[in-house]
Amino acid sequence: MAKYRSQNWFGKKGKDGFIYRAWMKNQGIPSHEFDGRPVIGICNTWSELTPCNAHFRELAESIKRGVSEAGGFPVEFPVMSLGETLIKPTAMLYRNLASMDVEESIRANPVDGIVLMCGCDKTTPSLVMGACSVNIPTIVVSGGPMLTGKFQGRDIGTSDIWRFSEAVRSGMMLQDELLLAEASMCRSRGHCAVMGTASTMAVMVESLGLSLPHNAAIPAADARRKVLAQLSGSRIVEMVKEDLVLSKILTRKAFENAIITNAAIGGSTNFIIHLLAIAGRIGVDLTLDDFDTLSNNVPLIANLQPSGKYFMEDLYYAGGLPVVQKELSKLLHNGCITANGRTVGENSANETCYNRDIIASVEKPFSKHSGVAILRGNLAESGAVIKPSAATEKLMTHTGKALVFDDIEDYKAKIDDPNLDVDENSILVLKNVGPKGYPGMPEVGNMGIPGRLLAKGVTDMIRISDGRMSGTAFGTVVLHVSPEAALGGNFAVVQTGDEITLNVPARTLILNVGDEELKKRKQNWEPRVRLQERGYVHLYQNHVQQAHLGADLDFLRGGSGSEVTRDSH
Ligand code: FES
């Protein structure tokens with residue numbers, strides 16, 4: 001039997017081995033479990049404060065069963081869990097902190113392989129980032145999407161929150177109805193049922209090859225989710241024996257596959273920021289422009305909200321992600337190895353599509369527009385992002401006057417002012433919601449439309465910010481402007497009344513103000529960022545990178561491997 005890293009603990013003789021094993025035995029573990037078999041860490045983000053992951057203790061039991069069945073020794077441990085809906089000021093602020101917890105927990109403990117239990121938005125990238133910096137065999141088990149919400153005879157999901165909110169503001173929906181909708185939407189275990197960030201992340205791990213096929217779409221409430229968890233538990237034991245470490249799966253080609261697949265399914269813009277951070281950890285050279293170049297000719301073939309009509313549950317019944325990959329086979333690197341030891345092409349070759357209204361073919365797609373467009377110009381010198389499939393066609397080329405909000409509080413104070421000087425051609429600009437400025441880059445980029453325009457029936461207008469947008473949101477929304485306002489670039493000095501030109505086909509975002517005037521404004525510019533003096537936020541504000549680099553902490557890029565050379569016993 002090969003000697004695994006866990007034997008540096010459990011295989012020791014004398015006092016050290018006694019200490020390492022004796023306390024573990026208080027859990028009722030017999031001696032033969034320490035005989036050198038692969039020890040599999042189950043990295044669990046269960047928390048009642050992360051409702052999307054609240055079923056993970058039960059799911060972990062299925063993983064353990066699989067590990068034991070394959071001759072491994074399962075050990076479950078908790079890591080910081082980021083619940084998107086409850087954490088203030090924004091879960092994104094803590095993604096990097098959670099990744100540090102994951103990285104250090106793996107390296108410090110006697111584990112030979114890892115199962116990452118991911119679900120709600122940030123619980124996927126934080127776990128994958130942390131695991132990449134250790135680079136031992138790793139497989140992902142996602143918690144699965146919720147069943148589709150049912151309200152007043154129709155299907156609803158997270159994207160409807162934005163519609164309900166505007167309907168209540170414009171008087172089209174009663175408060176009591178809103179309460180009913182609230183009870184109807186999240187009616188089962190699992191994460192958001194639309195192609196929001198959690199589903200996008202689940203698709204990302206499957207398309208990178210980090211999970212078994214079908215991990216992305218099996219509903220959380222479907223018994224087959226437990227089957228997948230058990231099979232993943234068995235598979236990670238084999239991966240340890242094969243030494244199939246993360247870096248063998250996460251090649252540049254695997255990242256390209258993820259970008260192409262994300263475009264085809266209409267995934268969230270948050271995908272960009274998380275994939276860039278993951279690439280930075282594993283040492284793959286990936287840039288913002290890769291997302292535009294690689295998704296340029298990829299059509300939208302999954303008809304899922306918010307870009308389309310259906311929900312994740314429907315995607316599974318139509319054949320799941322392997323069918324999407326089969327349709328994309330001419331565009332993908334089919335030879336990439338995946339967690340089950342088979343290639344992307346082998347995993348998808350024999351799959352069947354059961355509903356062409358949900359998964360279309362590349363030849364007859366739902367839309368020619370997919371993926372993201374990367375914008376550049378004097379208003380976004382290091383880049384900005386727009387999701388064309390979620391935008392209004394006629395606004396993709398547009399010049400308008402800026403209405404600037406200096407921060408989110410300024411926006412909230414003014415947006416429903418009946419005297420606000422704004423019309424449907426205006427461009428809303430929200431500053432100081434970037435990584436350092438807010439801090440934590442919250443999902444406020446799809447800011448609501450001014451009340452007086454809503455009343456006139458306006459449903460979309462151009463909105464620009466240095467923040468992010470929920471993967472469940474939609475609209476002509478320019479995000480991730482880099483450098484952010486807090487750093488004092490051109491975006492920091494844009495003023496109400498300035499003319500801005502957005503040209504998505506030309507990939508430009510231009511502030512029509514002369515260089516001399518911009519220079520003058522910068523000389524008088526004063527930062528609004530409130531720097532924290534202590535704690536994690538202090539560390540974050542001093543080290544967070546800009547959005548176009550993935551917003552990781554600068555000193556966390558790369559990895560430190562799995563070796564621990566010092567021993568205190
Ligand atoms: Fe957890 Fe949407 S709130 S996935």
# chains A, B, ... in the order shown; residues from 1 in each chain; ligands from 1

$ residues_around --residues "Lys364 (chain A)" --least-positions-apart "5" --cutoff "12 Å" --atoms "only C-alpha atoms" --output "PyMOL selection string"
chain A and resi 298-302+327+356-357+359

$ residues_near_ligand --ligand "ligand 1" --cutoff "12 Å" --atoms "only C-alpha atoms and all ligand atoms" --output "ChimeraX atom specification"
/A:45,47-54,81-87,90-91,118-124,142-146,157-159,161,185-186,189-202,220,268,312,470-473

$ select_by_dssp --residues "region 298-437 of chain A" --states "strand (DSSP E)" --output "list in words"
Ala373, Ile374, Leu375, Arg376, Gly377, Ala380, Glu381, Ser382, Gly383, Ala384, Val385, Ile386, Thr397, His398, Thr399, Gly400, Lys401, Ala402, Leu403, Val404, Phe405, Ile427, Leu428, Val429 and Leu430 of chain A

$ residues_around --residues "Arg37 (chain A)" --least-positions-apart "6" --cutoff "12 Å" --atoms "only C-alpha atoms" --output "count of residues only"
25

$ residues_around --residues "Ala254 (chain A)" --least-positions-apart "3" --cutoff "8 Å" --atoms "only C-alpha atoms" --output "list in words"
Ser207, Leu208, Gly209, Ile249, Leu250, Thr251, Asn257, Ala258, His333 and Cys336 of chain A

$ residues_around --residues "Thr399 (chain A)" --least-positions-apart "2" --cutoff "9 Å" --atoms "only C-alpha atoms" --output "ChimeraX atom specification"
/A:395,397,401,425-427,499-503

$ select_by_dssp --residues "region 74-112 of chain A" --states "helix (DSSP H, G or I)" --output "list in words"
Ala91, Met92, Leu93, Tyr94, Arg95, Asn96, Leu97, Ala98, Ser99, Met100, Asp101, Val102, Glu103, Glu104, Ser105, Ile106, Arg107 and Ala108 of chain A

$ atom_distance --atom1 "CA of Trp162 (chain A)" --atom2 "CA of Pro388 (chain A)"
18.3 Å

$ atom_distance --atom1 "CA of Glu104 (chain A)" --atom2 "CA of Val79 (chain A)"
10.2 Å

$ closest_residue --among "A:Phe405, A:Phe77, A:Phe291, A:Tyr438" --to "Leu375 (chain A)" --atoms "only C-alpha atoms"
A:Phe291

$ closest_residue --among "A:Val433, A:Met129, A:Leu288, A:Val478" --to "Ala98 (chain A)" --atoms "only C-alpha atoms"
A:Met129

$ residues_around --residues "Glu443 (chain A)" --least-positions-apart "6" --cutoff "7 Å" --atoms "only C-alpha atoms" --output "number ranges by chain"
A: 467-470

$ write_last_selection --atoms "all heavy atoms" --output "CSV table (one decimal), in the first residue's frame"
chain,number,residue,atom,x,y,z
A,467,GLY,N,-19.4,47.7,-8.7
A,467,GLY,CA,-19.8,46.5,-7.9
A,467,GLY,C,-20.1,45.3,-8.7
A,467,GLY,O,-19.8,45.3,-9.9
A,468,ARG,N,-20.8,44.4,-8.1
A,468,ARG,CA,-21.2,43.2,-8.8
A,468,ARG,C,-22.7,43.1,-8.9
A,468,ARG,O,-23.4,44.0,-8.4
A,468,ARG,CB,-20.8,41.9,-8.1
A,468,ARG,CG,-19.3,41.8,-8.0
A,468,ARG,CD,-18.9,40.6,-7.1
A,468,ARG,NE,-19.4,40.6,-5.8
A,468,ARG,CZ,-20.3,39.7,-5.3
A,468,ARG,NH1,-20.7,38.7,-6.1
A,468,ARG,NH2,-20.8,39.8,-4.1
A,469,MET,N,-23.3,42.1,-9.6
A,469,MET,CA,-24.7,42.0,-9.7
A,469,MET,C,-25.0,40.5,-9.3
A,469,MET,O,-24.3,39.6,-9.7
A,469,MET,CB,-25.2,42.4,-11.0
A,469,MET,CG,-26.3,41.6,-11.7
A,469,MET,SD,-26.8,42.4,-13.3
A,469,MET,CE,-26.4,41.1,-14.4
A,470,SER,N,-26.2,40.3,-8.7
A,470,SER,CA,-26.6,38.9,-8.4
A,470,SER,C,-26.7,38.2,-9.7
A,470,SER,O,-27.1,38.7,-10.7
A,470,SER,CB,-28.0,39.0,-7.7
A,470,SER,OG,-28.5,37.7,-7.8

$ residues_around --residues "Glu177 (chain A)" --least-positions-apart "3" --cutoff "12 Å" --atoms "only C-alpha atoms" --output "VMD selection string"
chain A and resid 151 to 152 164 to 165 167 to 168 171 to 174 180 to 184

$ closest_residue --among "A:Gly267, A:Gly233, A:Gly434, A:Pro418" --to "Gln305 (chain A)" --atoms "only C-alpha atoms"
A:Gly267
